[in-house]
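Q: Below is the file run-v4.cif, which contains mmCIF, C-alpha atoms.
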```cif
data_my_file
loop_
_atom_site.group_PDB
_atom_site.id
_atom_site.type_symbol
_atom_site.label_atom_id
_atom_site.label_comp_id
_atom_site.auth_asym_id
_atom_site.auth_seq_id
_atom_site.Cartn_x
_atom_site.Cartn_y
_atom_site.Cartn_z
ATOM 1 C CA MET R 1 110.413 144.522 90.508
ATOM 2 C CA SER R 2 108.192 147.524 89.830
ATOM 3 C CA THR R 3 105.048 148.275 91.792
ATOM 4 C CA THR R 4 103.005 147.485 88.687
ATOM 5 C CA GLY R 5 104.712 144.096 88.339
ATOM 6 C CA ARG R 6 104.017 143.189 91.969
ATOM 7 C CA ARG R 7 100.398 144.212 91.547
ATOM 8 C CA LEU R 8 100.034 141.986 88.465
ATOM 9 C CA ASN R 9 101.564 139.032 90.338
ATOM 10 C CA LEU R 10 99.094 139.474 93.203
ATOM 11 C CA ILE R 11 96.182 139.600 90.772
ATOM 12 C CA ALA R 12 97.402 136.418 89.039
ATOM 13 C CA ALA R 13 97.796 134.603 92.375
ATOM 14 C CA ALA R 14 94.275 135.591 93.432
ATOM 15 C CA ALA R 15 92.912 134.341 90.122
ATOM 16 C CA LEU R 16 94.626 130.982 90.608
ATOM 17 C CA LEU R 17 93.156 130.620 94.109
ATOM 18 C CA MET R 18 89.675 131.381 92.805
ATOM 19 C CA ALA R 19 90.057 128.827 90.007
ATOM 20 C CA ALA R 20 91.224 126.170 92.467
ATOM 21 C CA ALA R 21 88.178 126.793 94.627
ATOM 22 C CA LEU R 22 85.864 126.422 91.660
ATOM 23 C CA ILE R 23 87.340 123.115 90.478
ATOM 24 C CA ARG R 24 87.685 121.231 93.770
ATOM 25 C CA PRO R 25 88.253 117.470 93.490
ATOM 26 C CA ALA R 26 85.198 115.223 93.894
ATOM 27 C CA ASP R 27 86.161 114.033 97.360
ATOM 28 C CA ALA R 28 86.313 117.651 98.573
ATOM 29 C CA GLN R 29 82.707 118.321 97.625
ATOM 30 C CA ALA R 30 79.987 118.490 100.247
ATOM 31 C CA PRO R 31 78.898 114.981 101.361
ATOM 32 C CA LYS R 32 75.651 113.684 99.915
ATOM 33 C CA PRO R 33 72.826 112.850 102.343
ATOM 34 C CA TRP R 34 71.863 109.200 102.800
ATOM 35 C CA ARG R 35 69.000 108.257 105.127
ATOM 36 C CA HIS R 36 69.204 104.739 106.584
ATOM 37 C CA GLY R 37 66.718 102.883 108.796
ATOM 38 C CA MET R 38 67.419 100.259 111.440
ATOM 39 C CA ILE R 39 65.685 98.569 114.349
ATOM 40 C CA GLU R 40 66.063 100.360 117.705
ATOM 41 C CA ALA R 41 69.632 100.086 118.987
ATOM 42 C CA LYS R 42 70.294 97.259 121.428
ATOM 43 C CA SER R 43 73.239 95.129 122.547
ATOM 44 C CA ASP R 44 74.551 94.590 119.011
ATOM 45 C CA ALA R 45 74.340 98.294 118.100
ATOM 46 C CA GLY R 46 78.118 98.633 117.849
ATOM 47 C CA PHE R 47 78.076 96.518 114.707
ATOM 48 C CA PHE R 48 75.211 98.303 112.983
ATOM 49 C CA LEU R 49 76.218 101.845 113.931
ATOM 50 C CA MET R 50 79.964 101.553 113.350
ATOM 51 C CA VAL R 51 79.324 102.958 109.861
ATOM 52 C CA THR R 52 78.532 106.302 111.532
ATOM 53 C CA ARG R 53 82.062 106.556 112.940
ATOM 54 C CA GLY R 54 83.628 108.162 109.881
ATOM 55 C CA PHE R 55 83.173 105.322 107.404
ATOM 56 C CA ALA R 56 80.235 106.962 105.615
ATOM 57 C CA GLU R 57 82.059 110.306 105.476
ATOM 58 C CA LYS R 58 85.061 108.629 103.834
ATOM 59 C CA GLN R 59 82.698 107.580 101.042
ATOM 60 C CA GLY R 60 81.362 111.103 100.601
ATOM 61 C CA LEU R 61 78.066 110.516 102.404
ATOM 62 C CA LYS R 62 76.339 112.379 105.197
ATOM 63 C CA LEU R 63 74.575 109.529 106.972
ATOM 64 C CA ASP R 64 71.339 110.009 108.881
ATOM 65 C CA VAL R 65 70.289 106.885 110.812
ATOM 66 C CA VAL R 66 66.619 106.555 111.735
ATOM 67 C CA GLN R 67 65.594 103.939 114.310
ATOM 68 C CA PHE R 68 62.306 102.057 114.094
ATOM 69 C CA LYS R 69 60.450 99.793 116.497
ATOM 70 C CA THR R 70 60.349 96.934 113.944
ATOM 71 C CA ASP R 71 61.828 96.212 110.546
ATOM 72 C CA ILE R 72 58.325 96.157 109.040
ATOM 73 C CA ILE R 73 57.932 99.842 109.898
ATOM 74 C CA ALA R 74 61.360 100.462 108.355
ATOM 75 C CA LEU R 75 60.242 98.590 105.226
ATOM 76 C CA GLN R 76 57.156 100.784 105.004
ATOM 77 C CA ALA R 77 59.358 103.859 105.365
ATOM 78 C CA LEU R 78 61.482 102.705 102.426
ATOM 79 C CA LEU R 79 58.429 102.097 100.250
ATOM 80 C CA ALA R 80 57.157 105.565 101.183
ATOM 81 C CA GLY R 81 60.478 107.136 100.187
ATOM 82 C CA GLU R 82 61.276 108.256 103.732
ATOM 83 C CA VAL R 83 64.601 106.374 103.857
ATOM 84 C CA ASP R 84 67.089 105.305 101.184
ATOM 85 C CA SER R 85 67.840 101.928 102.755
ATOM 86 C CA PHE R 86 67.224 99.914 105.911
ATOM 87 C CA ASP R 87 68.436 96.885 107.858
ATOM 88 C CA GLY R 88 65.922 94.145 108.566
ATOM 89 C CA GLY R 89 64.822 90.590 108.055
ATOM 90 C CA PRO R 90 64.671 89.614 104.372
ATOM 91 C CA GLY R 91 61.434 87.680 104.881
ATOM 92 C CA GLY R 92 59.288 90.790 105.013
ATOM 93 C CA SER R 93 61.071 92.214 101.985
ATOM 94 C CA ILE R 94 60.496 89.020 100.000
ATOM 95 C CA LEU R 95 56.802 89.193 100.860
ATOM 96 C CA ALA R 96 56.635 92.848 99.807
ATOM 97 C CA ALA R 97 58.464 92.149 96.545
ATOM 98 C CA ALA R 98 56.133 89.251 95.753
ATOM 99 C CA ARG R 99 53.211 91.660 96.092
ATOM 100 C CA GLY R 100 54.736 94.199 93.738
ATOM 101 C CA GLY R 101 56.821 96.186 96.229
ATOM 102 C CA ASP R 102 59.942 97.881 94.881
ATOM 103 C CA ILE R 103 62.445 96.112 97.155
ATOM 104 C CA LYS R 104 66.041 95.066 96.519
ATOM 105 C CA ILE R 105 68.268 93.106 98.918
ATOM 106 C CA LEU R 106 71.832 94.450 98.696
ATOM 107 C CA GLY R 107 73.691 92.161 101.094
ATOM 108 C CA CYS R 108 73.293 90.286 104.372
ATOM 109 C CA GLN R 109 75.547 91.301 107.242
ATOM 110 C CA TRP R 110 74.064 89.050 109.944
ATOM 111 C CA PRO R 111 72.963 85.724 108.429
ATOM 112 C CA GLY R 112 73.190 83.923 111.775
ATOM 113 C CA LEU R 113 70.014 83.561 113.832
ATOM 114 C CA PRO R 114 70.360 84.830 117.436
ATOM 115 C CA TYR R 115 66.748 84.348 118.544
ATOM 116 C CA GLY R 116 65.535 81.918 121.157
ATOM 117 C CA ILE R 117 62.261 80.917 122.777
ATOM 118 C CA PHE R 118 62.374 82.222 126.349
ATOM 119 C CA VAL R 119 59.959 80.910 128.984
ATOM 120 C CA ARG R 120 59.304 81.044 132.706
ATOM 121 C CA ASN R 121 61.323 78.481 134.681
ATOM 122 C CA THR R 122 58.147 76.465 135.334
ATOM 123 C CA ILE R 123 57.928 75.472 131.643
ATOM 124 C CA ASN R 124 60.230 72.616 130.666
ATOM 125 C CA SER R 125 59.150 71.508 127.199
ATOM 126 C CA VAL R 126 57.797 73.004 123.996
ATOM 127 C CA GLY R 127 54.685 70.877 124.313
ATOM 128 C CA GLU R 128 53.761 72.743 127.497
ATOM 129 C CA LEU R 129 53.345 75.925 125.461
ATOM 130 C CA LYS R 130 50.088 74.739 123.895
ATOM 131 C CA GLY R 131 47.289 77.084 124.908
ATOM 132 C CA LYS R 132 49.738 79.569 126.407
ATOM 133 C CA THR R 133 50.294 83.263 125.609
ATOM 134 C CA PHE R 134 53.324 83.747 123.373
ATOM 135 C CA ALA R 135 54.819 87.229 122.862
ATOM 136 C CA ILE R 136 55.894 88.106 119.316
ATOM 137 C CA SER R 137 56.588 91.244 117.295
ATOM 138 C CA ALA R 138 54.600 92.542 114.312
ATOM 139 C CA PRO R 139 53.166 89.520 112.409
ATOM 140 C CA ALA R 140 55.481 89.749 109.372
ATOM 141 C CA ALA R 141 58.594 90.873 111.267
ATOM 142 C CA ASN R 142 61.577 88.600 111.860
ATOM 143 C CA PRO R 143 60.781 87.463 115.435
ATOM 144 C CA ALA R 144 57.185 86.532 114.624
ATOM 145 C CA VAL R 145 58.109 84.602 111.477
ATOM 146 C CA VAL R 146 60.876 82.731 113.311
ATOM 147 C CA ALA R 147 58.630 81.929 116.276
ATOM 148 C CA ARG R 148 55.874 80.430 114.142
ATOM 149 C CA GLY R 149 58.298 78.448 111.998
ATOM 150 C CA VAL R 150 60.328 77.036 114.894
ATOM 151 C CA LEU R 151 57.220 76.075 116.872
ATOM 152 C CA GLU R 152 55.657 74.414 113.839
ATOM 153 C CA LYS R 153 58.867 72.439 113.261
ATOM 154 C CA LEU R 154 58.780 71.307 116.902
ATOM 155 C CA GLY R 155 55.169 70.133 116.675
ATOM 156 C CA VAL R 156 53.324 73.137 118.132
ATOM 157 C CA PRO R 157 51.274 74.781 115.355
ATOM 158 C CA ALA R 158 50.372 78.454 115.620
ATOM 159 C CA SER R 159 46.706 77.587 116.012
ATOM 160 C CA GLU R 160 47.447 76.100 119.452
ATOM 161 C CA LEU R 161 48.909 79.288 120.945
ATOM 162 C CA ARG R 162 47.674 82.762 121.793
ATOM 163 C CA PHE R 163 50.058 85.205 120.124
ATOM 164 C CA ALA R 164 50.420 88.737 121.502
ATOM 165 C CA ASN R 165 52.242 91.540 119.688
ATOM 166 C CA LEU R 166 54.333 93.038 122.484
ATOM 167 C CA GLY R 167 56.884 95.154 120.638
ATOM 168 C CA SER R 168 60.655 94.994 121.013
ATOM 169 C CA ASP R 169 62.917 92.254 122.406
ATOM 170 C CA LEU R 170 63.104 94.092 125.717
ATOM 171 C CA ASP R 171 59.311 94.497 125.870
ATOM 172 C CA ARG R 172 58.784 90.796 125.180
ATOM 173 C CA PHE R 173 61.429 89.682 127.675
ATOM 174 C CA LYS R 174 59.905 91.888 130.379
ATOM 175 C CA ALA R 175 56.472 90.448 129.594
ATOM 176 C CA VAL R 176 57.713 86.919 130.337
ATOM 177 C CA ALA R 177 59.620 88.024 133.425
ATOM 178 C CA ALA R 178 56.495 89.739 134.762
ATOM 179 C CA GLY R 179 54.218 86.807 133.939
ATOM 180 C CA VAL R 180 52.217 88.791 131.369
ATOM 181 C CA ALA R 181 53.261 86.228 128.738
ATOM 182 C CA ASP R 182 54.242 82.589 129.209
ATOM 183 C CA ALA R 183 56.861 82.637 126.458
ATOM 184 C CA ALA R 184 58.457 84.952 123.918
ATOM 185 C CA ILE R 185 60.793 84.999 120.958
ATOM 186 C CA VAL R 186 63.770 87.107 122.070
ATOM 187 C CA SER R 187 67.381 87.732 121.068
ATOM 188 C CA ASN R 188 69.804 85.433 122.869
ATOM 189 C CA GLU R 189 71.515 88.507 124.327
ATOM 190 C CA TYR R 190 69.130 88.063 127.278
ATOM 191 C CA GLU R 191 70.510 84.632 128.110
ATOM 192 C CA PRO R 192 73.099 85.892 130.648
ATOM 193 C CA VAL R 193 70.484 87.911 132.581
ATOM 194 C CA ALA R 194 67.517 85.536 132.277
ATOM 195 C CA ALA R 195 68.087 83.389 135.377
ATOM 196 C CA LYS R 196 67.851 86.349 137.754
ATOM 197 C CA GLN R 197 64.421 87.115 136.258
ATOM 198 C CA GLY R 198 63.112 83.567 136.645
ATOM 199 C CA VAL R 199 63.371 83.063 132.882
ATOM 200 C CA LYS R 200 65.330 80.648 130.691
ATOM 201 C CA MET R 201 65.935 79.997 126.998
ATOM 202 C CA LEU R 202 64.063 76.808 126.124
ATOM 203 C CA VAL R 203 65.037 76.571 122.440
ATOM 204 C CA ALA R 204 67.762 78.206 120.357
ATOM 205 C CA ALA R 205 66.180 79.045 117.007
ATOM 206 C CA LYS R 206 69.398 78.418 115.072
ATOM 207 C CA ASP R 207 69.324 74.772 116.133
ATOM 208 C CA VAL R 208 65.906 74.335 114.508
ATOM 209 C CA TRP R 209 66.099 76.774 111.580
ATOM 210 C CA PRO R 210 69.819 77.035 110.700
ATOM 211 C CA ASP R 211 69.128 78.420 107.210
ATOM 212 C CA TYR R 212 67.075 81.393 108.327
ATOM 213 C CA VAL R 213 68.809 84.711 107.572
ATOM 214 C CA ARG R 214 68.416 87.238 110.351
ATOM 215 C CA GLN R 215 69.468 90.567 108.830
ATOM 216 C CA CYS R 216 70.154 92.123 105.436
ATOM 217 C CA THR R 217 70.349 95.629 104.005
ATOM 218 C CA MET R 218 67.578 96.603 101.603
ATOM 219 C CA SER R 219 66.924 99.495 99.263
ATOM 220 C CA SER R 220 64.548 100.109 96.358
ATOM 221 C CA GLY R 221 64.881 99.909 92.611
ATOM 222 C CA LYS R 222 64.010 103.604 92.450
ATOM 223 C CA VAL R 223 66.892 104.565 94.752
ATOM 224 C CA LEU R 224 69.322 102.265 92.940
ATOM 225 C CA SER R 225 68.304 103.787 89.621
ATOM 226 C CA SER R 226 68.513 107.431 90.670
ATOM 227 C CA ARG R 227 71.440 107.163 93.110
ATOM 228 C CA ALA R 228 73.448 104.179 91.900
ATOM 229 C CA ASP R 229 76.870 105.554 92.854
ATOM 230 C CA ASP R 230 75.682 106.665 96.305
ATOM 231 C CA ALA R 231 74.231 103.194 96.976
ATOM 232 C CA VAL R 232 77.569 101.593 96.111
ATOM 233 C CA ARG R 233 79.377 104.026 98.391
ATOM 234 C CA PHE R 234 76.929 103.328 101.212
ATOM 235 C CA ILE R 235 77.486 99.560 101.036
ATOM 236 C CA ALA R 236 81.249 100.155 100.852
ATOM 237 C CA ALA R 237 80.947 102.201 104.060
ATOM 238 C CA GLU R 238 78.857 99.475 105.720
ATOM 239 C CA ILE R 239 81.371 96.779 104.799
ATOM 240 C CA SER R 240 84.229 98.911 106.157
ATOM 241 C CA GLY R 241 82.316 99.508 109.365
ATOM 242 C CA PHE R 242 81.548 95.835 109.949
ATOM 243 C CA ARG R 243 85.132 94.834 109.165
ATOM 244 C CA HIS R 244 86.331 97.270 111.810
ATOM 245 C CA ALA R 245 83.708 96.102 114.309
ATOM 246 C CA LEU R 246 84.913 92.512 114.039
ATOM 247 C CA ALA R 247 88.553 93.564 114.239
ATOM 248 C CA ASP R 248 88.187 95.799 117.305
ATOM 249 C CA ARG R 249 86.045 94.260 120.050
ATOM 250 C CA GLU R 250 86.609 97.025 122.618
ATOM 251 C CA ASP R 251 85.758 99.828 120.205
ATOM 252 C CA THR R 252 82.564 98.030 119.196
ATOM 253 C CA LEU R 253 81.499 97.435 122.800
ATOM 254 C CA ARG R 254 82.281 101.048 123.674
ATOM 255 C CA LEU R 255 80.086 102.286 120.825
ATOM 256 C CA THR R 256 77.271 99.940 121.869
ATOM 257 C CA ARG R 257 77.238 101.335 125.399
ATOM 258 C CA ASP R 258 77.574 104.934 124.165
ATOM 259 C CA VAL R 259 74.495 104.761 121.934
ATOM 260 C CA THR R 260 72.287 102.546 124.126
ATOM 261 C CA GLY R 261 73.186 103.656 127.634
ATOM 262 C CA ILE R 262 73.629 100.019 128.698
ATOM 263 C CA LYS R 263 75.433 100.043 132.033
ATOM 264 C CA PRO R 264 78.987 98.692 132.481
ATOM 265 C CA ASP R 265 77.823 95.809 134.686
ATOM 266 C CA ASP R 266 75.283 94.588 132.099
ATOM 267 C CA PRO R 267 76.885 91.574 130.330
ATOM 268 C CA ARG R 268 74.674 91.591 127.232
ATOM 269 C CA PRO R 269 76.940 93.534 124.804
ATOM 270 C CA GLU R 270 79.904 91.250 125.530
ATOM 271 C CA PHE R 271 77.725 88.162 125.269
ATOM 272 C CA ILE R 272 76.194 89.022 121.881
ATOM 273 C CA TYR R 273 79.568 90.120 120.473
ATOM 274 C CA ASP R 274 81.408 86.973 121.544
ATOM 275 C CA ASP R 275 78.547 84.725 120.462
ATOM 276 C CA ALA R 276 78.447 86.352 117.017
ATOM 277 C CA VAL R 277 82.180 85.822 116.564
ATOM 278 C CA LYS R 278 82.115 82.265 117.911
ATOM 279 C CA THR R 279 79.208 81.153 115.722
ATOM 280 C CA HIS R 280 80.285 83.160 112.654
ATOM 281 C CA ALA R 281 76.870 84.827 112.721
ATOM 282 C CA VAL R 282 78.193 88.080 111.245
ATOM 283 C CA ASP R 283 79.352 88.439 107.634
ATOM 284 C CA PRO R 284 81.318 91.691 107.215
ATOM 285 C CA GLU R 285 81.478 91.145 103.456
ATOM 286 C CA PHE R 286 77.677 91.473 103.120
ATOM 287 C CA SER R 287 77.327 88.321 101.010
ATOM 288 C CA LEU R 288 74.048 87.376 99.361
ATOM 289 C CA PRO R 289 73.149 83.819 100.548
ATOM 290 C CA VAL R 290 70.844 83.032 97.635
ATOM 291 C CA ALA R 291 70.244 79.405 98.643
ATOM 292 C CA LYS R 292 69.127 80.474 102.120
ATOM 293 C CA LEU R 293 66.882 83.206 100.716
ATOM 294 C CA ASP R 294 65.318 80.563 98.472
ATOM 295 C CA TRP R 295 64.760 78.343 101.515
ATOM 296 C CA MET R 296 63.136 81.227 103.376
ATOM 297 C CA MET R 297 60.801 81.760 100.444
ATOM 298 C CA ASP R 298 59.775 78.108 100.639
ATOM 299 C CA GLN R 299 58.900 78.535 104.326
ATOM 300 C CA LEU R 300 56.761 81.568 103.533
ATOM 301 C CA VAL R 301 54.871 79.496 100.979
ATOM 302 C CA LYS R 302 54.444 76.649 103.466
ATOM 303 C CA ASP R 303 52.955 78.858 106.177
ATOM 304 C CA GLY R 304 50.608 80.518 103.710
ATOM 305 C CA SER R 305 52.199 83.978 103.879
ATOM 306 C CA LEU R 306 53.258 83.751 100.240
ATOM 307 C CA PRO R 307 50.844 82.259 97.648
ATOM 308 C CA ARG R 308 53.646 81.171 95.311
ATOM 309 C CA ARG R 309 57.396 81.392 94.922
ATOM 310 C CA ILE R 310 59.018 84.190 92.952
ATOM 311 C CA ASP R 311 62.424 84.282 91.300
ATOM 312 C CA VAL R 312 64.870 85.363 94.010
ATOM 313 C CA ALA R 313 66.894 87.134 91.303
ATOM 314 C CA LYS R 314 64.093 89.715 91.131
ATOM 315 C CA VAL R 315 64.633 90.632 94.784
ATOM 316 C CA ILE R 316 68.434 90.922 94.975
ATOM 317 C CA ALA R 317 70.837 93.506 93.524
ATOM 318 C CA PRO R 318 74.273 91.807 93.604
ATOM 319 C CA ASP R 319 75.970 94.424 91.423
ATOM 320 C CA VAL R 320 75.865 97.029 94.216
ATOM 321 C CA ARG R 321 77.929 94.869 96.568
ATOM 322 C CA ALA R 322 80.271 93.797 93.756
ATOM 323 C CA LYS R 323 81.049 97.418 92.885
ATOM 324 C CA ALA R 324 81.470 98.299 96.564
ATOM 325 C CA LEU R 325 84.036 95.518 97.041
ATOM 326 C CA ALA R 326 85.868 96.624 93.891
ATOM 327 C CA MET R 327 85.925 100.188 95.231
ATOM 328 C CA LEU R 328 87.463 98.930 98.488
ATOM 329 C CA GLY R 329 90.023 96.919 96.551
ATOM 330 C CA LYS R 330 88.741 93.517 97.723
#
```
Show how you would write the structure in this file as structure tokens.
A:
Amino acid sequence: MSTTGRRLNLIAAAALLMAAALIRPADAQAPKPWRHGMIEAKSDAGFFLMVTRGFAEKQGLKLDVVQFKTDIIALQALLAGEVDSFDGGPGGSILAAARGGDIKILGCQWPGLPYGIFVRNTINSVGELKGKTFAISAPAANPAVVARGVLEKLGVPASELRFANLGSDLDRFKAVAAGVADAAIVSNEYEPVAAKQGVKMLVAAKDVWPDYVRQCTMSSGKVLSSRADDAVRFIAAEISGFRHALADREDTLRLTRDVTGIKPDDPRPEFIYDDAVKTHAVDPEFSLPVAKLDWMMDQLVKDGSLPRRIDVAKVIAPDVRAKALAMLGK
């Protein structure tokens, strides 16, 4: 072959390489940013953060997880456009939607209720809590709503207690252990370490309010309208992450300890994982329990938080989950 022919072949090859670079397939494009909010990582963090272990990247997303003290702050961040989605109790989102907030529930990954009323060992009945200081979270957040509802159901109305907003589960548990509060609503992950602190779980909330949904993933109508495909891909990544978390206990526990710094001799991660599996508290398929959401709305009306019921269909976006499952082939 002549020198001219070789030169032409090299030029043609270079042109082909340039064309290939310009028309890369969609999955080779730079990942799209998605900002997601969640409550501060604790003993169940392996479930909620598993999505960050490559599952979001597989869906073409660059995931940025922002942690908040309460789900109400995360809700406010969504409404302000600071995050694209967040995990939290659906009660606050229903209240926001009823007041005109642009909120959509996409699916519920933890419908089971892990909270309990923890007290000092000197308290032996719910009736003894009357007049006592009870530690809750922000008034419209999950723990506070559950505490008021469970106590009311057991014959102790909110008017007969002194409620104190004391932050996170750990903050509230420490307050009871130190005698700052007489009781608190806390995740049952503290059950295996309570006795050493002179504390016990007096009531398991799930036994009183079995239809209360603990955790769902929410977004906004604005995000779903402007980034519909990304929202579907995000939920597909979440579902994949939760499926893996349930299938691989050791990997989930390892991730929990990595992100929280919980020490190896602390039994809480194992306890919350095994309890979630045993009680079927986790739903890796992110179902939308409409009947339970309706029931929760009724409770909000009963306690005066919500003036009237709204159509639950206005708060949910089932098509996002449906498309995500179709994308995953299930």
Q: Please provide as an mmCIF file with C-alpha atoms, keeping the file's coordinate frame all residues within 8 Å of Ile103 of chain R, with the sequence filter that same-chain residues fewer than 5 positions apart are discarded (counting all atoms listed in the file).
A:
```cif
data_model
loop_
_atom_site.group_PDB
_atom_site.id
_atom_site.type_symbol
_atom_site.label_atom_id
_atom_site.label_comp_id
_atom_site.auth_asym_id
_atom_site.auth_seq_id
_atom_site.Cartn_x
_atom_site.Cartn_y
_atom_site.Cartn_z
ATOM 1 C CA LEU R 79 58.429 102.097 100.250
ATOM 2 C CA SER R 93 61.071 92.214 101.985
ATOM 3 C CA ILE R 94 60.496 89.020 100.000
ATOM 4 C CA ALA R 96 56.635 92.848 99.807
ATOM 5 C CA ALA R 97 58.464 92.149 96.545
ATOM 6 C CA MET R 218 67.578 96.603 101.603
ATOM 7 C CA SER R 219 66.924 99.495 99.263
ATOM 8 C CA SER R 220 64.548 100.109 96.358
ATOM 9 C CA GLY R 221 64.881 99.909 92.611
ATOM 10 C CA VAL R 315 64.633 90.632 94.784
#
```
Q: From the list R:Pro192, R:Arg120, R:Asp169, R:Tyr115, which residue is nearest Lys206 of chain R when using only C-alpha atoms?
A: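 Ranking R:Pro192, R:Arg120, R:Asp169, R:Tyr115 by distance to Lys206 of chain R, first place goes to R:Tyr115.
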Q: Just the residues within 6 Å of segment 55-69 of chain R, please, counting only C-alpha atoms, with nothing from its chain fewer than 6 positions along; format it as number ranges by chain.
A: R: 31-40, 233, 237
Q: Would you write out, as an NGL selection string, every residue that the PyMOL selection byres ((chain R and resi 238-248) around 7) captures in this file?
A: :R and (47 or 50-51 or 55 or 234-237 or 249-252 or 284-286)
Q: I'd like the neighbourhood of segment 193-201 of chain R as a ChimeraX atom specification, where a residue qualifies if any of its atoms comes within 12 Å (using only C-alpha atoms), though same-chain residues fewer than 3 positions away should be ignored.
A: /R:114-126,170,172-179,181-190,204-205,265-269,271
